[in-house]
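Working notes for the structure below.
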Amino acid sequence: MADRLNARPYLLLALLLVVADQLTKLWVLSVFEPYEVLPVLPVFNLTLVFNPGAAFSFLSDAGGWQRMFFIVLTSLIAIGLVIWLMRLRRGERLTGIALGMILGGALGNLIDRVRLGKVVDFLDFYWREWHWPAFNVADSAITVGVVIMLLASWTQADRR
């Protein structure tokens, strides 16, 4: 057990991301009407949209069954991430950061699904007429966490 990484800092990171995600969503819900747009930069708007599906609105028009499917799937993934975090070795700090970020993002969106039946999105980046699908702090944490995970896998593969 002495060679195990202390998971607490990475679980704390996950918790901080959940809090940041939920606070920003509560703010957006209190300030914006659905589909209201606030231009911020020439390539960025704040807007309130809802996603009952997964990434890029996958299964968003599936008829409602996807809510419970994504709740169960995300819960199982979150449990798996916590177990993975608890089993990390001391040299896997970068992986710990990645897992904490992915876990925090997953839990942030899970709270939305349980509470509202859909995920609150509000960050809208675009170029001319092309808009990236709106996203939120949780989605950002998951994305950055995956990038860090890839980086960690490459750096750890170099050490073997």
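Here's how to read the names in the structure tokens: chain A, B, ... by the order shown, residue numbers from 1 in each chain, ligand numbers from 1 in the order shown.
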
Can you check which residues of chain A DSSP gives as helix (DSSP H, G or I) on the backbone and send them as a short mmCIF file (atom, residue, chain, number, x, y, z; two decimals) with C-alpha atoms, in the first residue's frame?
```
data_model
loop_
_atom_site.label_atom_id
_atom_site.label_comp_id
_atom_site.auth_asym_id
_atom_site.auth_seq_id
_atom_site.Cartn_x
_atom_site.Cartn_y
_atom_site.Cartn_z
CA ARG A 8 -7.72 12.46 -1.79
CA PRO A 9 -6.28 15.43 -3.73
CA TYR A 10 -7.76 14.09 -6.97
CA LEU A 11 -11.13 13.44 -5.37
CA LEU A 12 -10.99 17.00 -4.03
CA LEU A 13 -10.24 18.22 -7.57
CA ALA A 14 -13.33 16.33 -8.77
CA LEU A 15 -15.43 17.92 -6.01
CA LEU A 16 -14.18 21.43 -6.85
CA LEU A 17 -15.05 20.88 -10.51
CA VAL A 18 -18.54 19.68 -9.59
CA VAL A 19 -19.06 22.80 -7.47
CA ALA A 20 -17.76 25.12 -10.22
CA ASP A 21 -19.90 23.35 -12.80
CA GLN A 22 -23.07 23.49 -10.73
CA LEU A 23 -22.55 27.12 -9.65
CA THR A 24 -22.07 28.27 -13.25
CA LYS A 25 -25.16 26.32 -14.35
CA LEU A 26 -27.24 27.76 -11.51
CA TRP A 27 -26.13 31.25 -12.54
CA VAL A 28 -27.01 30.66 -16.19
CA LEU A 29 -30.40 29.19 -15.26
CA SER A 30 -31.16 32.22 -13.08
CA VAL A 31 -30.09 34.84 -15.65
CA ALA A 55 -21.91 14.49 -26.43
CA PHE A 56 -22.89 16.38 -29.57
CA SER A 57 -26.57 15.70 -28.67
CA TRP A 65 -35.36 6.30 -22.28
CA GLN A 66 -31.87 7.76 -22.66
CA ARG A 67 -32.19 9.70 -19.39
CA MET A 68 -32.10 6.58 -17.22
CA PHE A 69 -29.56 4.95 -19.53
CA PHE A 70 -27.13 7.88 -19.14
CA ILE A 71 -27.75 8.09 -15.37
CA VAL A 72 -26.89 4.40 -14.91
CA LEU A 73 -23.97 4.50 -17.36
CA THR A 74 -22.46 7.64 -15.81
CA SER A 75 -22.89 6.24 -12.29
CA LEU A 76 -21.05 3.06 -13.26
CA ILE A 77 -18.29 5.05 -14.96
CA ALA A 78 -17.92 7.29 -11.89
CA ILE A 79 -17.57 4.24 -9.64
CA GLY A 80 -14.97 2.82 -12.01
CA LEU A 81 -13.04 6.11 -12.01
CA VAL A 82 -12.97 6.21 -8.21
CA ILE A 83 -11.70 2.61 -8.06
CA TRP A 84 -9.07 3.43 -10.68
CA LEU A 85 -7.99 6.50 -8.67
CA MET A 86 -7.66 4.41 -5.51
CA ARG A 93 0.07 11.82 -10.59
CA LEU A 94 -0.78 13.03 -14.09
CA THR A 95 -3.24 10.16 -14.45
CA GLY A 96 -4.70 11.14 -11.07
CA ILE A 97 -5.29 14.69 -12.28
CA ALA A 98 -6.90 13.38 -15.47
CA LEU A 99 -9.17 10.97 -13.59
CA GLY A 100 -10.16 13.68 -11.10
CA MET A 101 -11.12 16.00 -13.94
CA ILE A 102 -13.08 13.33 -15.81
CA LEU A 103 -14.82 12.27 -12.60
CA GLY A 104 -15.75 15.85 -11.70
CA GLY A 105 -17.15 16.49 -15.16
CA ALA A 106 -19.09 13.24 -15.22
CA LEU A 107 -20.63 13.96 -11.81
CA GLY A 108 -21.50 17.54 -12.77
CA ASN A 109 -23.50 16.38 -15.78
CA LEU A 110 -24.96 13.46 -13.80
CA ILE A 111 -26.42 15.92 -11.29
CA ASP A 112 -28.15 17.73 -14.16
CA ARG A 113 -29.60 14.51 -15.55
CA VAL A 114 -30.95 13.45 -12.15
CA ARG A 115 -32.25 16.92 -11.24
CA LEU A 116 -33.50 18.21 -14.60
CA VAL A 137 -17.70 23.45 -17.34
CA ALA A 138 -18.23 19.71 -16.81
CA ASP A 139 -17.74 19.00 -20.53
CA SER A 140 -14.57 21.11 -20.47
CA ALA A 141 -13.22 19.18 -17.48
CA ILE A 142 -13.88 15.86 -19.21
CA THR A 143 -12.20 17.02 -22.41
CA VAL A 144 -9.12 18.41 -20.67
CA GLY A 145 -8.98 15.30 -18.49
CA VAL A 146 -8.96 13.04 -21.55
CA VAL A 147 -6.16 15.11 -23.13
CA ILE A 148 -4.14 14.84 -19.90
CA MET A 149 -4.88 11.10 -19.80
CA LEU A 150 -3.45 10.71 -23.32
CA LEU A 151 -0.42 12.77 -22.34
CA ALA A 152 0.05 10.65 -19.21
CA SER A 153 -0.16 7.42 -21.19
CA TRP A 154 2.54 8.63 -23.58
CA THR A 155 4.87 9.85 -20.82
CA GLN A 156 4.38 6.69 -18.77
CA ALA A 157 4.94 4.51 -21.84
CA ASP A 158 8.28 6.28 -22.33
CA ARG A 159 9.35 5.22 -18.81
#
```

field: For Phe125 of chain A: contacts at 8 Å, only C-alpha atoms, fewer than 5 positions along chain excluded, given as a PyMOL selection string
entry: chain A and resi 43-45+131-134

Atom CA of Ala7 of chain A to atom CA of Gly91 of chain A, straight-line distance in Å: 12.5 Å

- prompt: From the set A:Lys118, A:Arg87, A:Glu129, A:Asp3, which residue has the shortest atom-to-atom contact distance to Pro42 of chain A, counting only C-alpha atoms?
  reply: A:Glu129

Sel. of strand (DSSP E or B) residues, segment 40-114 of chain A, as a PyMOL selection string: chain A and resi 40-41+44-51+89

task: Can you work out the spacing between atom CA of Val40 of chain A and atom CA of Pro52 of chain A in Å, to one decimal?
output: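 Atom-to-atom, atom CA of Val40 of chain A and atom CA of Pro52 of chain A are spaced 25.7 Å apart.
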